file input.json (JSON, C-alpha atoms)
[["chain", "number", "residue", "atom", "x", "y", "z"],
["H", 1, "GLN", "CA", 34.12, 103.95, 147.74],
["H", 2, "ALA", "CA", 36.13, 102.25, 144.98],
["H", 3, "ARG", "CA", 37.10, 105.65, 143.63],
["H", 4, "LEU", "CA", 38.87, 106.44, 146.91],
["H", 5, "CYS", "CA", 40.79, 103.21, 147.36],
["H", 6, "VAL", "CA", 41.19, 100.92, 144.38],
["H", 7, "ALA", "CA", 41.52, 97.28, 145.35],
["H", 8, "THR", "CA", 44.96, 95.67, 145.04],
["H", 9, "LEU", "CA", 43.88, 93.26, 142.30],
["H", 10, "GLU", "CA", 42.69, 96.13, 140.10],
["H", 11, "GLN", "CA", 45.94, 98.02, 140.73],
["H", 12, "VAL", "CA", 47.99, 95.00, 139.66],
["H", 13, "ALA", "CA", 45.86, 94.56, 136.52],
["H", 14, "ALA", "CA", 46.15, 98.27, 135.64],
["H", 15, "ALA", "CA", 49.93, 98.15, 136.07],
["H", 16, "GLU", "CA", 50.09, 95.12, 133.75],
["H", 17, "ILE", "CA", 48.05, 96.94, 131.11],
["H", 18, "ILE", "CA", 50.26, 100.01, 131.36],
["H", 19, "ASP", "CA", 53.41, 97.90, 131.05],
["H", 20, "LYS", "CA", 52.33, 95.45, 128.35],
["H", 21, "GLY", "CA", 49.07, 96.66, 126.83],
["H", 22, "HIS", "CA", 50.29, 99.20, 124.29],
["H", 23, "ASP", "CA", 48.83, 97.30, 121.31],
["H", 24, "ASP", "CA", 45.46, 96.92, 123.05],
["H", 25, "ILE", "CA", 45.44, 100.58, 124.00],
["H", 26, "GLU", "CA", 46.24, 101.61, 120.42],
["H", 27, "ARG", "CA", 43.48, 99.35, 119.07],
["H", 28, "ALA", "CA", 40.99, 100.87, 121.53],
["H", 29, "LYS", "CA", 42.02, 104.41, 120.56],
["H", 30, "LEU", "CA", 41.50, 103.62, 116.87],
["H", 31, "GLU", "CA", 38.12, 102.01, 117.56],
["H", 32, "TYR", "CA", 36.85, 104.96, 119.59],
["H", 33, "ASP", "CA", 38.13, 107.38, 116.97],
["H", 34, "ALA", "CA", 36.16, 105.49, 114.30],
["H", 35, "ARG", "CA", 33.04, 105.63, 116.49],
["H", 36, "ARG", "CA", 33.50, 109.36, 117.08],
["H", 37, "GLN", "CA", 33.86, 109.97, 113.34],
["H", 38, "LEU", "CA", 30.79, 107.85, 112.55],
["H", 39, "ALA", "CA", 28.58, 109.56, 115.14],
["H", 40, "HIS", "CA", 29.70, 113.03, 114.09],
["H", 41, "LYS", "CA", 29.26, 112.28, 110.38],
["H", 42, "MET", "CA", 25.78, 110.78, 110.75],
["H", 43, "LEU", "CA", 24.54, 113.64, 112.94],
["H", 44, "THR", "CA", 25.98, 116.46, 110.84],
["H", 45, "GLN", "CA", 24.80, 114.87, 107.58],
["H", 46, "ALA", "CA", 21.32, 114.89, 109.10],
["H", 47, "GLY", "CA", 21.68, 118.65, 109.56],
["H", 48, "LEU", "CA", 22.28, 118.62, 113.31],
["H", 49, "LYS", "CA", 24.92, 120.81, 114.92],
["H", 50, "CYS", "CA", 27.36, 119.04, 117.17],
["H", 51, "GLY", "CA", 30.84, 119.49, 118.49],
["H", 52, "TYR", "CA", 33.73, 117.21, 117.60],
["H", 53, "PRO", "CA", 35.15, 115.86, 120.87],
["H", 54, "GLN", "CA", 38.91, 115.74, 121.25],
["H", 55, "GLY", "CA", 39.14, 113.22, 124.07],
["H", 56, "ALA", "CA", 35.73, 112.37, 125.47],
["H", 57, "LEU", "CA", 33.64, 109.32, 124.59],
["H", 58, "TYR", "CA", 30.55, 111.43, 123.97],
["H", 59, "LEU", "CA", 29.48, 114.47, 122.02],
["H", 60, "MET", "CA", 26.88, 117.16, 122.46],
["H", 61, "VAL", "CA", 24.32, 117.57, 119.69],
["H", 62, "ASP", "CA", 21.71, 120.27, 119.25],
["H", 63, "LEU", "CA", 18.43, 118.50, 118.49],
["H", 64, "GLY", "CA", 16.50, 121.71, 117.85],
["H", 65, "VAL", "CA", 13.72, 120.54, 120.19],
["H", 66, "ASP", "CA", 13.24, 120.31, 123.95],
["H", 67, "ALA", "CA", 15.76, 117.60, 124.86],
["H", 68, "GLU", "CA", 13.92, 116.54, 128.05],
["H", 69, "GLU", "CA", 10.65, 116.03, 126.17],
["H", 70, "PHE", "CA", 12.42, 114.26, 123.32],
["H", 71, "THR", "CA", 14.18, 111.88, 125.70],
["H", 72, "ARG", "CA", 10.88, 111.04, 127.36],
["H", 73, "PHE", "CA", 9.26, 110.52, 123.95],
["H", 74, "MET", "CA", 12.01, 108.11, 122.89],
["H", 75, "LEU", "CA", 11.33, 106.00, 125.99],
["H", 76, "THR", "CA", 7.54, 106.01, 125.84],
["H", 77, "ASP", "CA", 6.05, 106.90, 122.45],
["H", 78, "TYR", "CA", 8.66, 106.30, 119.73],
["H", 79, "SER", "CA", 7.29, 103.86, 117.15],
["H", 80, "GLY", "CA", 10.55, 101.88, 117.09],
["H", 81, "ILE", "CA", 9.71, 100.50, 120.53],
["H", 82, "GLU", "CA", 6.64, 98.74, 119.17],
["H", 83, "LYS", "CA", 7.92, 98.05, 115.66],
["H", 84, "ASP", "CA", 11.54, 96.98, 116.32],
["H", 85, "LYS", "CA", 11.43, 96.56, 120.11],
["H", 86, "GLU", "CA", 14.24, 99.16, 120.15],
["H", 87, "THR", "CA", 14.88, 102.78, 120.92],
["H", 88, "ALA", "CA", 17.86, 105.05, 121.53],
["H", 89, "MET", "CA", 18.69, 106.74, 124.81],
["H", 90, "VAL", "CA", 20.33, 110.14, 125.11],
["H", 91, "THR", "CA", 21.06, 112.36, 128.07],
["H", 92, "PRO", "CA", 19.56, 115.87, 128.04],
["H", 93, "ALA", "CA", 22.48, 118.29, 128.21],
["H", 94, "ALA", "CA", 21.06, 121.13, 130.32],
["H", 95, "ASN", "CA", 22.43, 119.69, 133.57],
["H", 96, "PHE", "CA", 25.95, 119.74, 132.17],
["H", 97, "TYR", "CA", 25.84, 123.53, 132.00],
["H", 98, "LYS", "CA", 26.37, 125.89, 134.92],
["H", 99, "THR", "CA", 24.29, 128.68, 133.37],
["H", 100, "PRO", "CA", 20.53, 128.11, 133.74],
["H", 101, "GLY", "CA", 18.73, 127.82, 130.41],
["H", 102, "GLN", "CA", 21.72, 126.61, 128.43],
["H", 103, "GLY", "CA", 21.66, 123.29, 126.62],
["H", 104, "LEU", "CA", 17.87, 122.89, 126.70],
["H", 105, "THR", "CA", 17.81, 121.65, 123.09],
["H", 106, "GLN", "CA", 21.02, 119.66, 123.36],
["H", 107, "ALA", "CA", 21.68, 116.03, 124.20],
["H", 108, "ARG", "CA", 24.79, 114.14, 125.16],
["H", 109, "ILE", "CA", 25.41, 111.06, 123.04],
["H", 110, "ALA", "CA", 27.96, 108.50, 124.20],
["H", 111, "PHE", "CA", 29.66, 106.54, 121.46],
["H", 112, "VAL", "CA", 30.51, 103.54, 123.60],
["H", 113, "LEU", "CA", 28.54, 100.97, 121.61],
["H", 114, "GLU", "CA", 30.23, 98.78, 119.01],
["H", 115, "THR", "CA", 30.15, 100.47, 115.60],
["H", 116, "PRO", "CA", 27.21, 98.53, 114.06],
["H", 117, "LYS", "CA", 25.11, 99.08, 117.20],
["H", 118, "LEU", "CA", 26.10, 102.75, 117.35],
["H", 119, "GLU", "CA", 25.07, 103.26, 113.74],
["H", 120, "LYS", "CA", 21.72, 101.58, 114.41],
["H", 121, "ALA", "CA", 21.17, 103.65, 117.56],
["H", 122, "ILE", "CA", 21.84, 106.90, 115.70],
["H", 123, "ARG", "CA", 19.44, 105.84, 112.94],
["H", 124, "HIS", "CA", 16.79, 105.28, 115.64],
["H", 125, "LEU", "CA", 17.65, 108.66, 117.15],
["H", 126, "LEU", "CA", 17.23, 110.42, 113.81],
["H", 127, "GLU", "CA", 13.99, 108.58, 112.98],
["H", 128, "GLY", "CA", 12.74, 109.35, 116.48],
["H", 129, "LEU", "CA", 13.60, 113.02, 116.08],
["H", 130, "ASP", "CA", 11.62, 113.25, 112.83],
["H", 131, "GLU", "CA", 8.73, 111.44, 114.48],
["H", 132, "PHE", "CA", 8.90, 113.66, 117.59],
["H", 133, "LYS", "CA", 8.70, 116.82, 115.52],
["H", 134, "LYS", "CA", 5.46, 115.58, 113.93],
["H", 135, "TYR", "CA", 4.21, 114.37, 117.33],
["H", 136, "ALA", "CA", 4.96, 117.70, 119.00],
["H", 137, "LYS", "CA", 2.96, 119.62, 116.36],
["H", 138, "LYS", "CA", -0.23, 117.75, 117.25]]
call {"tool": "encode", "arguments": {"input": "input.json", "output": "structure tokens"}}
result
Amino acid sequence: QARLCVATLEQVAAAEIIDKGHDDIERAKLEYDARRQLAHKMLTQAGLKCGYPQGALYLMVDLGVDAEEFTRFMLTDYSGIEKDKETAMVTPAANFYKTPGQGLTQARIAFVLETPKLEKAIRHLLEGLDEFKKYAKK
């Protein structure tokens, strides 16, 4: 119920940030802009189509494969789990659309990780996508 009635302490903290946090807010905006640019650049250079968000902390990318199956693969069968003890998590985009059947090959990628971790996650995503395409052909 926090969304309906924010506690007093959080309201006081938010007011303080609004009044005195301009430098911190600017730094955060620049950081998220750099993350957005990095994510978009890495994905488009890999040949994937994706939008360029204007205000959100995520973007939609067309993977060219079934996004639900790919997401499952990244959590269960991707070689990076065994090799590096790492994987990347995306959100299939179909549920973000009102029209049935839209977004089936798309995923939502949040760029909320620090830049080095985001870059590593996208590398895992791209490696996983290549691996999934070979896996799906079997």
call {"tool": "residues_around", "arguments": {"input": "input.json", "residues": "segment 46-58 of chain H", "least_positions_apart": "5", "cutoff": "7 Å", "atoms": "all atoms listed in the file", "output": "list of chain:residue names"}}
result
H:His40, H:Leu63, H:Arg108, H:Ile109, H:Ala110, H:Phe111, H:Val112
call {"tool": "residues_near_point", "arguments": {"input": "input.json", "point": "(9.2, 118.5, 122.4)", "cutoff": "9 Å", "atoms": "only C-alpha atoms", "output": "mmCIF file with C-alpha atoms, in the coordinates of the input"}}
result
data_model
loop_
_atom_site.group_PDB
_atom_site.id
_atom_site.type_symbol
_atom_site.label_atom_id
_atom_site.label_comp_id
_atom_site.auth_asym_id
_atom_site.auth_seq_id
_atom_site.Cartn_x
_atom_site.Cartn_y
_atom_site.Cartn_z
ATOM 1 C CA VAL H 65 13.720 120.540 120.190
ATOM 2 C CA ASP H 66 13.240 120.310 123.950
ATOM 3 C CA ALA H 67 15.760 117.600 124.860
ATOM 4 C CA GLU H 68 13.920 116.540 128.050
ATOM 5 C CA GLU H 69 10.650 116.030 126.170
ATOM 6 C CA PHE H 70 12.420 114.260 123.320
ATOM 7 C CA THR H 71 14.180 111.880 125.700
ATOM 8 C CA PHE H 73 9.260 110.520 123.950
ATOM 9 C CA PHE H 132 8.900 113.660 117.590
ATOM 10 C CA LYS H 133 8.700 116.820 115.520
ATOM 11 C CA TYR H 135 4.210 114.370 117.330
ATOM 12 C CA ALA H 136 4.960 117.700 119.000
ATOM 13 C CA LYS H 137 2.960 119.620 116.360
#
call {"tool": "atom_distance", "arguments": {"input": "input.json", "atom1": "atom CA of Gln45 of chain H", "atom2": "atom CA of Thr91 of chain H"}}
result
21.0 Å
call {"tool": "residues_around", "arguments": {"input": "input.json", "residues": "segment 114-130 of chain H", "least_positions_apart": "3", "cutoff": "7 Å", "atoms": "all atoms listed in the file", "output": "NGL selection string"}}
result
:H and (35 or 74 or 78 or 87-88 or 111 or 133-134)
call {"tool": "closest_residue", "arguments": {"input": "input.json", "among": "H:Asp62, H:Asp23, H:Glu86, H:Asp77", "to": "Thr105 of chain H", "atoms": "all atoms listed in the file"}}
result
H:Asp62
call {"tool": "axis_aligned_box", "arguments": {"input": "input.json", "around": "segment 65-83 of chain H", "padding_each_side": "6 Å", "output": "JSON"}}
result
{"center_x": 10.9, "center_y": 109.3, "center_z": 121.9, "size_x": 21.7, "size_y": 34.5, "size_z": 24.4}
call {"tool": "atom_distance", "arguments": {"input": "input.json", "atom1": "atom CA of Thr44 of chain H", "atom2": "atom CA of Val90 of chain H"}}
result
16.6 Å
call {"tool": "closest_residue", "arguments": {"input": "input.json", "among": "H:Ile25, H:Ala13, H:Ala39, H:Ala107", "to": "Gly64 of chain H", "atoms": "all atoms listed in the file"}}
result
H:Ala107
call {"tool": "atom_distance", "arguments": {"input": "input.json", "atom1": "atom CA of Gln106 of chain H", "atom2": "atom CA of Leu59 of chain H"}}
result
10.0 Å
